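As stored in structure-v6.csv (CSV, C-alpha atoms):
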chain,number,residue,atom,x,y,z
U,1,MET,CA,-26.7,54.0,-64.7
U,2,LYS,CA,-23.0,53.5,-64.0
U,3,ILE,CA,-21.5,50.0,-64.4
U,4,TYR,CA,-21.3,49.1,-60.7
U,5,ASP,CA,-25.0,49.8,-60.2
U,6,GLU,CA,-25.8,47.9,-63.4
U,7,LEU,CA,-24.0,44.8,-62.1
U,8,VAL,CA,-26.0,45.1,-58.9
U,9,ALA,CA,-29.3,45.5,-60.8
U,10,ARG,CA,-28.5,42.5,-63.0
U,11,GLY,CA,-28.0,40.4,-59.8
U,12,LEU,CA,-24.4,39.7,-60.4
U,13,ILE,CA,-22.6,40.9,-57.3
U,14,ALA,CA,-22.7,38.7,-54.2
U,15,GLN,CA,-20.0,40.0,-51.9
U,16,VAL,CA,-17.3,42.7,-52.0
U,17,THR,CA,-14.5,43.7,-49.6
U,18,ASP,CA,-14.8,47.4,-50.0
U,19,GLU,CA,-17.8,48.6,-52.0
U,20,LYS,CA,-16.9,52.3,-52.1
U,21,GLU,CA,-13.5,51.7,-53.5
U,22,ILE,CA,-14.6,49.0,-55.9
U,23,ARG,CA,-17.4,51.2,-57.2
U,24,GLU,CA,-14.9,54.1,-57.7
U,25,LEU,CA,-12.5,51.9,-59.7
U,26,ILE,CA,-14.9,50.2,-62.1
U,27,ASP,CA,-17.2,53.2,-62.6
U,28,ASN,CA,-14.2,55.3,-63.7
U,29,GLY,CA,-12.5,52.5,-65.8
U,30,ARG,CA,-9.5,52.2,-63.5
U,31,ALA,CA,-9.9,48.5,-62.6
U,32,THR,CA,-7.4,46.0,-63.9
U,33,PHE,CA,-9.1,42.8,-62.9
U,34,TYR,CA,-8.6,39.1,-63.4
U,35,ILE,CA,-10.7,36.0,-63.6
U,36,GLY,CA,-9.1,32.6,-63.6
U,37,PHE,CA,-10.1,29.6,-65.8
U,38,ASP,CA,-8.6,26.2,-65.1
U,39,PRO,CA,-8.4,24.2,-68.3
U,40,THR,CA,-10.2,21.0,-67.1
U,41,ALA,CA,-11.7,20.3,-70.5
U,42,ASP,CA,-11.1,21.1,-74.2
U,43,SER,CA,-14.0,23.6,-74.2
U,44,LEU,CA,-15.5,26.3,-72.1
U,45,HIS,CA,-19.0,25.6,-70.9
U,46,VAL,CA,-22.0,27.5,-69.7
U,47,GLY,CA,-20.5,27.6,-66.2
U,48,HIS,CA,-17.9,30.0,-67.6
U,49,PHE,CA,-20.4,32.0,-69.6
U,50,MET,CA,-21.3,34.4,-66.8
U,51,ALA,CA,-17.6,35.2,-66.3
U,52,LEU,CA,-17.0,35.9,-69.9
U,53,CYS,CA,-20.1,38.2,-70.1
U,54,LEU,CA,-18.9,40.1,-67.0
U,55,MET,CA,-15.4,40.6,-68.5
U,56,LYS,CA,-17.1,41.9,-71.7
U,57,ARG,CA,-19.3,44.4,-69.7
U,58,LEU,CA,-16.4,45.7,-67.7
U,59,GLN,CA,-14.2,46.1,-70.8
U,60,MET,CA,-16.9,48.0,-72.5
U,61,ALA,CA,-16.9,50.4,-69.5
U,62,GLY,CA,-13.2,51.1,-69.9
U,63,ASN,CA,-11.7,48.6,-67.5
U,64,ARG,CA,-8.9,46.1,-68.4
U,65,PRO,CA,-9.5,42.4,-68.1
U,66,ILE,CA,-6.9,39.7,-67.5
U,67,ALA,CA,-8.0,36.2,-68.5
U,68,LEU,CA,-5.8,34.0,-66.4
U,69,LEU,CA,-5.5,30.4,-67.8
U,70,GLY,CA,-4.6,27.9,-65.1
U,71,GLY,CA,-1.8,26.0,-66.7
U,72,GLY,CA,-0.3,25.7,-63.2
U,73,THR,CA,-3.3,25.5,-60.9
U,74,GLY,CA,-4.9,23.1,-63.4
U,75,MET,CA,-2.2,20.6,-62.4
U,76,VAL,CA,-3.4,20.7,-58.8
U,77,GLY,CA,-7.2,21.0,-59.1
U,78,ASP,CA,-9.6,23.3,-57.3
U,79,PRO,CA,-11.4,21.4,-54.4
U,80,SER,CA,-14.1,24.1,-54.3
U,81,GLY,CA,-17.6,22.6,-54.7
U,82,ARG,CA,-16.1,19.1,-55.1
U,83,THR,CA,-17.0,16.0,-53.2
U,84,ASP,CA,-14.0,14.1,-54.6
U,85,MET,CA,-10.6,14.8,-56.1
U,86,ARG,CA,-10.5,16.0,-59.7
U,87,LYS,CA,-9.0,13.8,-62.4
U,88,MET,CA,-5.3,14.5,-62.8
U,89,LEU,CA,-4.6,16.0,-66.3
U,90,THR,CA,-1.3,15.5,-68.2
U,91,LYS,CA,0.7,18.5,-69.2
U,92,GLU,CA,-0.2,17.8,-72.8
U,93,ASP,CA,-3.9,17.7,-72.0
U,94,ILE,CA,-3.6,21.1,-70.2
U,95,ARG,CA,-1.7,22.7,-73.1
U,96,HIS,CA,-4.4,21.5,-75.6
U,97,ASN,CA,-7.2,22.7,-73.4
U,98,ILE,CA,-5.6,26.1,-73.0
U,99,GLU,CA,-5.4,26.5,-76.8
U,100,CYS,CA,-9.1,25.7,-77.1
U,101,PHE,CA,-9.9,28.2,-74.4
U,102,LYS,CA,-7.9,30.9,-76.1
U,103,LYS,CA,-9.9,30.7,-79.3
U,104,GLN,CA,-13.3,30.7,-77.6
U,105,MET,CA,-12.4,33.7,-75.3
U,106,SER,CA,-11.5,35.8,-78.2
U,107,ARG,CA,-15.1,35.8,-79.3
U,108,PHE,CA,-16.1,37.7,-76.2
U,109,ILE,CA,-13.1,39.8,-75.1
U,110,GLU,CA,-10.9,42.1,-77.2
U,111,PHE,CA,-7.2,41.2,-76.6
U,112,GLY,CA,-4.2,43.3,-77.7
U,113,PRO,CA,-2.0,46.2,-76.8
U,114,GLY,CA,-3.8,48.4,-74.3
U,115,LYS,CA,-6.7,46.0,-74.2
U,116,ALA,CA,-7.3,42.7,-72.4
U,117,ILE,CA,-4.4,40.5,-71.4
U,118,MET,CA,-4.3,36.7,-71.6
U,119,LEU,CA,-1.9,35.0,-69.3
U,120,ASN,CA,-1.0,31.4,-68.2
U,121,ASN,CA,-0.1,31.0,-64.5
U,122,ALA,CA,2.2,28.1,-65.4
U,123,ASP,CA,4.7,30.7,-66.5
U,124,TRP,CA,5.3,31.6,-62.8
U,125,LEU,CA,3.9,28.8,-60.7
U,126,LEU,CA,5.9,26.0,-62.3
U,127,GLU,CA,9.1,28.0,-61.8
U,128,LEU,CA,8.7,28.4,-58.0
U,129,ASN,CA,11.2,26.7,-55.7
U,130,TYR,CA,9.2,24.7,-53.1
U,131,VAL,CA,11.2,25.6,-50.0
U,132,GLU,CA,11.4,29.3,-51.0
U,133,LEU,CA,7.6,29.3,-51.5
U,134,LEU,CA,7.1,27.8,-48.1
U,135,ARG,CA,9.3,30.4,-46.5
U,136,ASP,CA,8.1,33.4,-48.5
U,137,VAL,CA,4.4,32.6,-49.0
U,138,GLY,CA,3.4,29.7,-46.8
U,139,ALA,CA,4.4,31.6,-43.6
U,140,CYS,CA,1.6,34.1,-44.4
U,141,PHE,CA,-1.2,31.5,-44.2
U,142,SER,CA,-2.8,30.1,-41.0
U,143,VAL,CA,-3.7,26.5,-41.3
U,144,ASN,CA,-6.5,27.0,-38.8
U,145,ASN,CA,-8.0,29.7,-41.0
U,146,MET,CA,-7.7,27.6,-44.1
U,147,LEU,CA,-9.5,24.7,-42.5
U,148,ARG,CA,-12.4,27.0,-41.7
U,149,ALA,CA,-12.8,27.8,-45.4
U,150,GLU,CA,-16.0,26.2,-47.0
U,151,CYS,CA,-14.0,24.8,-49.9
U,152,TYR,CA,-12.0,22.7,-47.4
U,153,LYS,CA,-14.6,22.0,-44.7
U,154,GLN,CA,-16.9,20.1,-47.0
U,155,ARG,CA,-14.1,17.8,-48.0
U,156,MET,CA,-12.7,17.0,-44.6
U,157,GLU,CA,-15.0,14.0,-44.0
U,158,LYS,CA,-14.3,12.3,-47.3
U,159,GLY,CA,-10.7,13.3,-47.4
U,160,LEU,CA,-8.7,16.2,-48.7
U,161,SER,CA,-5.3,15.5,-50.3
U,162,PHE,CA,-2.3,17.7,-49.4
U,163,LEU,CA,-2.1,18.5,-53.2
U,164,GLU,CA,-5.5,20.1,-53.1
U,165,PHE,CA,-4.8,21.8,-49.8
U,166,ASN,CA,-2.2,23.9,-51.6
U,167,TYR,CA,-4.7,25.3,-54.1
U,168,MET,CA,-5.6,28.3,-52.0
U,169,ILE,CA,-1.9,29.2,-51.7
U,170,MET,CA,-1.4,28.9,-55.4
U,171,GLN,CA,-4.5,31.0,-56.3
U,172,SER,CA,-3.5,33.6,-53.7
U,173,TYR,CA,0.0,33.8,-55.2
U,174,ASP,CA,-1.6,34.4,-58.6
U,175,PHE,CA,-3.2,37.6,-57.4
U,176,TYR,CA,0.0,38.7,-55.6
U,177,HIS,CA,2.0,38.1,-58.9
U,178,LEU,CA,-0.5,39.9,-61.0
U,179,TYR,CA,-0.7,42.8,-58.6
U,180,LYS,CA,3.1,43.3,-58.6
U,181,ASN,CA,3.7,42.7,-62.3
U,182,TYR,CA,0.6,43.8,-64.1
U,183,GLY,CA,-1.0,46.4,-61.8
U,184,CYS,CA,-4.0,44.1,-61.2
U,185,ASN,CA,-6.0,45.7,-58.4
U,186,MET,CA,-9.1,43.6,-58.5
U,187,GLN,CA,-10.1,39.9,-58.7
U,188,PHE,CA,-13.5,38.4,-59.6
U,189,GLY,CA,-14.7,34.9,-58.9
U,190,GLY,CA,-17.7,32.8,-58.0
U,191,ASP,CA,-19.2,32.8,-54.6
U,192,ASP,CA,-17.5,29.4,-53.8
U,193,GLN,CA,-14.1,31.1,-54.4
U,194,TRP,CA,-14.5,33.7,-51.6
U,195,SER,CA,-12.0,32.1,-49.2
U,196,ASN,CA,-9.4,31.7,-52.0
U,197,MET,CA,-9.8,35.2,-53.1
U,198,LEU,CA,-9.5,36.7,-49.6
U,199,GLY,CA,-6.3,34.7,-49.3
U,200,GLY,CA,-4.9,36.6,-52.2
U,201,THR,CA,-5.9,40.0,-50.8
U,202,GLU,CA,-4.4,39.2,-47.4
U,203,LEU,CA,-1.2,37.9,-49.0
U,204,ILE,CA,-0.7,41.2,-50.9
U,205,ARG,CA,-1.2,43.2,-47.7
U,206,LYS,CA,1.1,41.0,-45.6
U,207,LYS,CA,3.9,41.1,-48.2
U,208,LEU,CA,3.5,44.7,-49.4
U,209,GLY,CA,2.1,46.5,-46.4
U,210,LYS,CA,-1.4,47.6,-45.3
U,211,ASP,CA,-1.5,50.3,-47.9
U,212,ALA,CA,-1.3,47.8,-50.7
U,213,TYR,CA,-4.3,48.2,-52.9
U,214,ALA,CA,-6.2,45.0,-53.8
U,215,MET,CA,-9.9,44.4,-54.0
U,216,THR,CA,-12.0,41.3,-54.3
U,217,ILE,CA,-15.5,40.8,-55.7
U,218,THR,CA,-17.4,37.5,-55.8
U,219,LEU,CA,-20.4,37.0,-58.0
U,220,LEU,CA,-23.2,34.5,-58.2
U,221,MET,CA,-21.0,33.2,-60.9
U,222,ASN,CA,-19.9,29.6,-60.2
U,223,SER,CA,-22.9,28.5,-58.3
U,224,GLU,CA,-25.3,29.9,-61.0
U,225,GLY,CA,-23.0,28.6,-63.7
U,226,LYS,CA,-23.0,25.1,-62.2
U,227,LYS,CA,-26.8,25.2,-61.9
U,228,MET,CA,-27.4,26.5,-65.4
U,229,GLY,CA,-24.6,24.5,-67.1
U,230,LYS,CA,-25.8,21.0,-66.7
U,231,THR,CA,-28.4,18.9,-68.5
U,232,ALA,CA,-29.4,15.3,-68.3
U,233,ASN,CA,-26.7,14.5,-70.8
U,234,GLY,CA,-23.8,16.4,-69.2
U,235,ALA,CA,-22.4,19.9,-69.6
U,236,VAL,CA,-23.6,22.5,-72.1
U,237,TRP,CA,-20.4,23.4,-74.0
U,238,LEU,CA,-19.5,26.6,-76.0
U,239,ASP,CA,-17.8,24.5,-78.7
U,240,PRO,CA,-20.3,23.8,-81.5
U,241,ASP,CA,-18.8,20.4,-82.1
U,242,LYS,CA,-19.7,19.4,-78.5
U,243,THR,CA,-23.0,21.2,-78.2
U,244,SER,CA,-24.5,22.2,-81.5
U,245,PRO,CA,-25.9,25.8,-81.9
U,246,TYR,CA,-29.4,24.2,-82.1
U,247,ASP,CA,-28.9,22.3,-78.8
U,248,PHE,CA,-27.4,25.4,-77.2
U,249,TYR,CA,-30.5,27.4,-78.3
U,250,GLN,CA,-32.9,24.7,-77.0
U,251,TYR,CA,-31.1,24.6,-73.7
U,252,TRP,CA,-32.0,28.2,-73.0
U,253,ARG,CA,-35.4,27.9,-74.7
U,254,ASN,CA,-36.3,25.3,-72.1
U,255,VAL,CA,-35.3,27.0,-68.9
U,256,ALA,CA,-37.8,27.1,-66.1
U,257,ASP,CA,-40.3,30.0,-66.0
U,258,SER,CA,-38.9,31.1,-62.7
U,259,ASP,CA,-35.4,31.5,-64.2
U,260,VAL,CA,-35.9,33.1,-67.5
U,261,LEU,CA,-35.9,36.8,-66.5
U,262,ARG,CA,-33.1,36.3,-64.1
U,263,PHE,CA,-31.0,34.8,-66.8
U,264,ILE,CA,-31.9,37.6,-69.2
U,265,ARG,CA,-30.7,40.1,-66.7
U,266,MET,CA,-27.5,38.3,-65.9
U,267,LEU,CA,-26.4,37.1,-69.3
U,268,THR,CA,-27.8,39.3,-72.1
U,269,PHE,CA,-26.8,42.8,-73.0
U,270,LEU,CA,-30.4,44.0,-73.5
U,271,PRO,CA,-31.1,47.3,-71.7
U,272,LEU,CA,-32.4,46.9,-68.2
U,273,GLU,CA,-35.3,49.2,-69.0
U,274,GLU,CA,-36.4,46.7,-71.7
U,275,ILE,CA,-36.0,43.7,-69.3
U,276,ASP,CA,-37.9,45.5,-66.6
U,277,ARG,CA,-40.9,45.8,-68.9
U,278,MET,CA,-40.9,42.0,-69.1
U,279,ASP,CA,-41.4,41.6,-65.3
U,280,THR,CA,-45.2,41.6,-65.8
U,281,TRP,CA,-45.1,38.9,-68.5
U,282,GLU,CA,-47.0,35.7,-67.8
U,283,GLY,CA,-48.1,32.5,-69.6
U,284,SER,CA,-47.3,32.5,-73.3
U,285,GLN,CA,-45.4,35.8,-72.9
U,286,LEU,CA,-42.8,33.9,-70.8
U,287,ASN,CA,-42.3,31.6,-73.8
U,288,ARG,CA,-41.5,34.7,-75.8
U,289,ALA,CA,-39.0,35.7,-73.1
U,290,LYS,CA,-37.3,32.3,-73.4
U,291,GLU,CA,-37.0,32.7,-77.2
U,292,ILE,CA,-35.4,36.1,-76.6
U,293,LEU,CA,-33.0,34.6,-74.1
U,294,ALA,CA,-32.1,31.7,-76.3
U,295,TYR,CA,-31.6,33.9,-79.4
U,296,GLU,CA,-29.5,36.5,-77.6
U,297,LEU,CA,-27.1,34.0,-76.0
U,298,THR,CA,-26.8,31.8,-79.1
U,299,SER,CA,-25.9,34.9,-81.1
U,300,LEU,CA,-23.3,35.8,-78.5
U,301,VAL,CA,-21.6,32.4,-78.6
U,302,HIS,CA,-22.2,31.2,-82.2
U,303,GLY,CA,-23.0,34.3,-84.1
U,304,GLN,CA,-26.2,35.9,-85.5
U,305,GLU,CA,-26.5,33.5,-88.5
U,306,GLU,CA,-26.4,30.4,-86.4
U,307,ALA,CA,-28.8,31.9,-83.9
U,308,GLN,CA,-31.3,32.7,-86.7
U,309,LYS,CA,-31.0,29.1,-88.0
U,310,ALA,CA,-31.5,27.6,-84.6
U,311,GLN,CA,-34.5,29.8,-83.9
U,312,ALA,CA,-36.1,29.0,-87.3
U,313,THR,CA,-35.5,25.2,-86.8
U,314,ALA,CA,-36.9,25.3,-83.3
U,315,GLN,CA,-40.0,27.2,-84.4
U,316,ALA,CA,-40.6,24.9,-87.4
U,317,LEU,CA,-40.2,21.7,-85.4
U,318,PHE,CA,-42.4,22.9,-82.5
U,319,SER,CA,-45.2,24.2,-84.8
U,320,LYS,CA,-45.1,21.6,-87.6
U,321,GLY,CA,-42.7,18.8,-86.7
U,322,THR,CA,-40.7,19.7,-89.9
U,323,ASN,CA,-37.9,17.3,-90.8
U,324,SER,CA,-35.2,20.0,-90.7
U,325,SER,CA,-31.5,19.4,-91.7
U,326,ASP,CA,-30.4,21.6,-88.7
U,327,MET,CA,-32.0,19.2,-86.2
U,328,PRO,CA,-29.5,17.6,-83.7
U,329,THR,CA,-28.6,14.0,-84.4
U,330,ALA,CA,-28.4,10.9,-82.3
U,331,LYS,CA,-25.7,8.6,-83.8
U,332,ILE,CA,-26.0,4.9,-82.9
U,333,ARG,CA,-24.5,1.5,-83.9
U,334,VAL,CA,-26.8,-1.3,-84.8
U,335,GLN,CA,-26.2,-4.9,-86.0
U,336,ASP,CA,-29.6,-6.4,-86.6
U,337,SER,CA,-31.9,-4.6,-84.2
U,338,ILE,CA,-31.9,-2.3,-81.2
U,339,SER,CA,-34.2,-1.3,-78.4
U,340,VAL,CA,-35.6,2.2,-78.0
U,341,LEU,CA,-33.8,2.4,-74.6
U,342,ASP,CA,-30.5,1.6,-76.2
U,343,ILE,CA,-31.1,4.2,-79.0
U,344,MET,CA,-31.7,6.9,-76.4
U,345,VAL,CA,-28.6,6.0,-74.3
U,346,GLN,CA,-26.3,5.5,-77.3
U,347,GLY,CA,-27.5,8.7,-78.9
U,348,GLY,CA,-27.0,10.8,-75.8
U,349,ILE,CA,-30.8,11.5,-75.6
U,350,ALA,CA,-30.9,10.0,-72.1
U,351,PRO,CA,-28.1,9.5,-69.6
U,352,SER,CA,-29.1,5.9,-68.6
U,353,LYS,CA,-31.5,3.1,-69.4
U,354,SER,CA,-33.4,3.8,-66.2
U,355,GLU,CA,-34.0,7.4,-67.2
U,356,ALA,CA,-34.9,6.4,-70.8
U,357,ARG,CA,-37.4,3.8,-69.4
U,358,ARG,CA,-39.0,6.5,-67.1
U,359,LEU,CA,-39.4,8.8,-70.1
U,360,VAL,CA,-41.1,6.1,-72.2
U,361,LEU,CA,-43.4,5.0,-69.4
U,362,GLN,CA,-44.4,8.6,-68.8
U,363,GLY,CA,-45.4,8.9,-72.5
U,364,GLY,CA,-42.6,11.3,-73.3
U,365,VAL,CA,-41.1,9.5,-76.3
U,366,SER,CA,-42.3,9.1,-79.9
U,367,VAL,CA,-40.7,8.1,-83.1
U,368,ASP,CA,-41.9,9.7,-86.3
U,369,ASP,CA,-45.0,10.9,-84.4
U,370,VAL,CA,-45.8,7.4,-83.1
U,371,LYS,CA,-45.8,7.4,-79.3
U,372,ILE,CA,-43.7,4.6,-77.8
U,373,ASP,CA,-45.3,3.1,-74.7
U,374,ASP,CA,-43.3,-0.1,-74.4
U,375,PRO,CA,-39.7,0.2,-73.1
U,376,ALA,CA,-38.9,-3.1,-74.8
U,377,LYS,CA,-39.8,-1.8,-78.2
U,378,MET,CA,-37.3,-2.9,-80.8
U,379,PHE,CA,-36.3,-1.3,-84.1
U,380,SER,CA,-34.7,-3.1,-87.0
U,381,LYS,CA,-31.6,-1.7,-88.7
U,382,SER,CA,-33.6,-1.2,-91.9
U,383,GLU,CA,-36.3,0.8,-90.1
U,384,LEU,CA,-33.6,3.2,-88.7
U,385,GLU,CA,-31.8,3.7,-92.0
U,386,ASN,CA,-34.5,6.1,-93.1
U,387,GLN,CA,-33.3,8.4,-90.3
U,388,PRO,CA,-36.5,8.6,-88.2
U,389,ILE,CA,-37.2,11.5,-85.8
U,390,LEU,CA,-37.3,10.7,-82.1
U,391,LYS,CA,-39.1,13.3,-80.0
U,392,LYS,CA,-38.4,13.5,-76.3
U,393,GLY,CA,-40.9,15.5,-74.3
U,394,LYS,CA,-42.6,18.4,-76.1
U,395,LYS,CA,-39.7,20.3,-77.6
U,396,ASN,CA,-36.7,18.0,-78.1
U,397,PHE,CA,-36.2,16.4,-81.5
U,398,TYR,CA,-33.4,14.1,-82.7
U,399,ARG,CA,-32.7,12.6,-86.1
U,400,ILE,CA,-31.5,9.0,-85.6
U,401,ILE,CA,-28.5,8.1,-87.7
U,402,VAL,CA,-27.0,4.7,-88.0
U,403,GLU,CA,-23.2,4.8,-88.2
Starting from the file, lay out its structure as structure tokens.
Amino acid sequence: MKIYDELVARGLIAQVTDEKEIRELIDNGRATFYIGFDPTADSLHVGHFMALCLMKRLQMAGNRPIALLGGGTGMVGDPSGRTDMRKMLTKEDIRHNIECFKKQMSRFIEFGPGKAIMLNNADWLLELNYVELLRDVGACFSVNNMLRAECYKQRMEKGLSFLEFNYMIMQSYDFYHLYKNYGCNMQFGGDDQWSNMLGGTELIRKKLGKDAYAMTITLLMNSEGKKMGKTANGAVWLDPDKTSPYDFYQYWRNVADSDVLRFIRMLTFLPLEEIDRMDTWEGSQLNRAKEILAYELTSLVHGQEEAQKAQATAQALFSKGTNSSDMPTAKIRVQDSISVLDIMVQGGIAPSKSEARRLVLQGGVSVDDVKIDDPAKMFSKSELENQPILKKGKKNFYRIIVE
């Protein structure tokens, strides 16, 4: 199976502008494509994971990836999928976040001469003259068409700043710049990026003529990433200091039965024939599929050794309740005593007291195998200094550590 058909079979491709030409390019290793990453935090998260896996697949098939870091666009903020304006980052924050992204991306993609390219759009966007940009690029965009874009329509009622309104023009200019200077003939993005991506394709054609060659593909990337990238406690990060390998493993081990095979197809590099044989799996077999998913993805992100440790810890805890040193920790501060609800919120086990209370009342919380049924339950500092194990639900264990 050629790479385009594999992407389709794995459920990755949502829309394309010209399937025949795109298939021809990537099947024959002639695509130079880019995916953009705005540095909104100091770590990539699971929402970026599908994009990184896609870049790796296409590079393995002979195509050339461009990882575009948004040092320029990150100063504006993408309104796509947002109900409010993003927090404004300082230049120092953006530079720091970009350095963190670079280290993490190198685990997935091979950079170097003749291989993948890593660029920062601050290198050209921050040098643009505003009036020249308006005359040269702004004249190519219809405000009426821009306002019909989903990324803007959903923000019109609550308010869309003029700063954010410029994001489409900046992203479109990125593709135009990469096309002219790096031979980039294809762009990939999530399904919520479609309008921005089409803007780049149209800009190339208007500036360079109808024969200019530029393609766009959108994936079920951002929407799926946003769905799979969140937990009750926030984002699932690729940085082991923000999400431990064990927590990363457990996140995938606990996905819904209805999602597990879809995620295996999208995110792992297991052969499709092997995955197809799992289609008939039911009941306890789906638990085995979840273990496969969790192990494969933890190995990709954190390495095989950490994946083996996370798997062994999870299996030991689930089967025996073993007090393992690899267990995730919940660090708290205590003076004399503290309630179970405060332990859960301070330790990041629950996002709020109301959620912690709900878990307790539903019988989903125990400490050292003793079920907690009273939300007002208090623990003394001396009780907690022995580092008891708090269990949430059936599969989540936390060692309580008093700082």
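Straight-line separation from CA of Ala9 (chain U) to CA of Ser258 (chain U): 17.4 Å.
Between CA of Glu291 (chain U) and CA of Arg253 (chain U) there is a distance of 5.6 Å.
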Around the point (-33.4, -4.1, -80.9), in the coordinates given by the file, pick out the residues reaching within 9 Å, counting only C-alpha atoms, and return them as a CSV table (one decimal) with C-alpha atoms, in the frame of the given file.
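Result file is out_31.csv:
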chain,number,residue,atom,x,y,z
U,334,VAL,CA,-26.8,-1.3,-84.8
U,335,GLN,CA,-26.2,-4.9,-86.0
U,336,ASP,CA,-29.6,-6.4,-86.6
U,337,SER,CA,-31.9,-4.6,-84.2
U,338,ILE,CA,-31.9,-2.3,-81.2
U,339,SER,CA,-34.2,-1.3,-78.4
U,340,VAL,CA,-35.6,2.2,-78.0
U,342,ASP,CA,-30.5,1.6,-76.2
U,343,ILE,CA,-31.1,4.2,-79.0
U,376,ALA,CA,-38.9,-3.1,-74.8
U,377,LYS,CA,-39.8,-1.8,-78.2
U,378,MET,CA,-37.3,-2.9,-80.8
U,379,PHE,CA,-36.3,-1.3,-84.1
U,380,SER,CA,-34.7,-3.1,-87.0
U,381,LYS,CA,-31.6,-1.7,-88.7
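Taking CA of Val402 (chain U) as the reference point, CA of Ala350 (chain U) is found at 17.2 Å.
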For a cutoff of 6 Å around the file-coordinate point (-2.1, 37.0, -52.6), which residues qualify once you count only C-alpha atoms? I'd like the result as an MDAnalysis selection string. chainID U and resid 172:173 175:176 199:201 203:204
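Shortest separation to Val137 (chain U) among U:Asn166, U:Thr280, U:Ser43, U:Ser161 occurs at residue U:Asn166, atoms counted being only C-alpha atoms.
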Non-local contacts of Leu270 (chain U) (12 Å; only C-alpha atoms; under 2 positions in same chain excluded) as number ranges by chain: U: 6, 10, 57, 261, 263-268, 272-278, 289, 292-293, 295-297, 300
All residues 12 Å or closer to Asn121 (chain U), all atoms listed in the file, same chain fewer than 4 positions away omitted, as a PyMOL selection string: chain U and resi 34-39+66-75+94+98+125-128+170-178
Could you produce a table of the residues of region 150-198 of chain U lying within 12 Å of region 19-30 of chain U, with the nearest pair of atoms per residue and their separation in Å rounded to one decimal, using only C-alpha atoms, ordered by chain and increasing residue number, as JSON lines?
{"residue": "U:Gly183", "atom": "CA", "partner": "U:Arg30", "partner_atom": "CA", "distance": 10.4}
{"residue": "U:Cys184", "atom": "CA", "partner": "U:Arg30", "partner_atom": "CA", "distance": 10.1}
{"residue": "U:Asn185", "atom": "CA", "partner": "U:Arg30", "partner_atom": "CA", "distance": 9.0}
{"residue": "U:Met186", "atom": "CA", "partner": "U:Ile22", "partner_atom": "CA", "distance": 8.1}
{"residue": "U:Gln187", "atom": "CA", "partner": "U:Ile22", "partner_atom": "CA", "distance": 10.5}
{"residue": "U:Phe188", "atom": "CA", "partner": "U:Ile22", "partner_atom": "CA", "distance": 11.3}
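Closest approach to Ile389 (chain U) from the set U:Asn287, U:Ser244, U:Gln362, U:Thr329 is made by U:Thr329, with distances taken over only C-alpha atoms.
You can rank U:Leu52, U:Phe397, U:Val46, U:Tyr213 by their closest distance to Asp369 (chain U) using only C-alpha atoms, and at the top of that list sits U:Phe397.
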Which neighbours of Asn144 (chain U) fall inside 12 Å, counting only C-alpha atoms, when residues of the same chain fewer than 5 positions from it are skipped, and could you give them as a ChimeraX atom specification? /U:149,152-153
Considering only C-alpha atoms, return as a PDB file with C-alpha atoms, keeping the file's coordinate frame whatever protein or nucleic-acid residues lie within 9 Å of Asp257 (chain U), sequence-local ones (same chain, fewer than 2 positions apart) excluded.
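Produced file part-v1.pdb, reproduced below:
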ATOM      1  CA  ASN U 254     -36.300  25.300 -72.100  1.00  0.00           C
ATOM      2  CA  VAL U 255     -35.300  27.000 -68.900  1.00  0.00           C
ATOM      3  CA  ASP U 259     -35.400  31.500 -64.200  1.00  0.00           C
ATOM      4  CA  VAL U 260     -35.900  33.100 -67.500  1.00  0.00           C
ATOM      5  CA  LEU U 261     -35.900  36.800 -66.500  1.00  0.00           C
ATOM      6  CA  GLU U 282     -47.000  35.700 -67.800  1.00  0.00           C
ATOM      7  CA  GLY U 283     -48.100  32.500 -69.600  1.00  0.00           C
ATOM      8  CA  LEU U 286     -42.800  33.900 -70.800  1.00  0.00           C
ATOM      9  CA  ASN U 287     -42.300  31.600 -73.800  1.00  0.00           C
ATOM     10  CA  LYS U 290     -37.300  32.300 -73.400  1.00  0.00           C
TER      11      LYS U 290
END
Find the residues around Leu54 (chain U) up to 9 Å (all atoms listed in the file counted), leave out those fewer than 3 positions away in its own chain, and share them as a PyMOL selection string. chain U and resi 7+12+49-51+57-59+266-267
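Minimum atom-to-atom distance to His302 (chain U), evaluated using only C-alpha atoms, belongs to U:Thr243 out of U:Ser142, U:Thr243, U:Asn386, U:Asn181.
Among the candidates U:Trp194, U:Asn120, U:Tyr249, U:Tyr130, the one nearest to Met146 (chain U) when counting only C-alpha atoms is U:Trp194.
With distances restricted to only C-alpha atoms, U:Arg288 is the closest residue to Gln315 (chain U) from U:Met197, U:Arg288, U:Gln346, U:Ser354.
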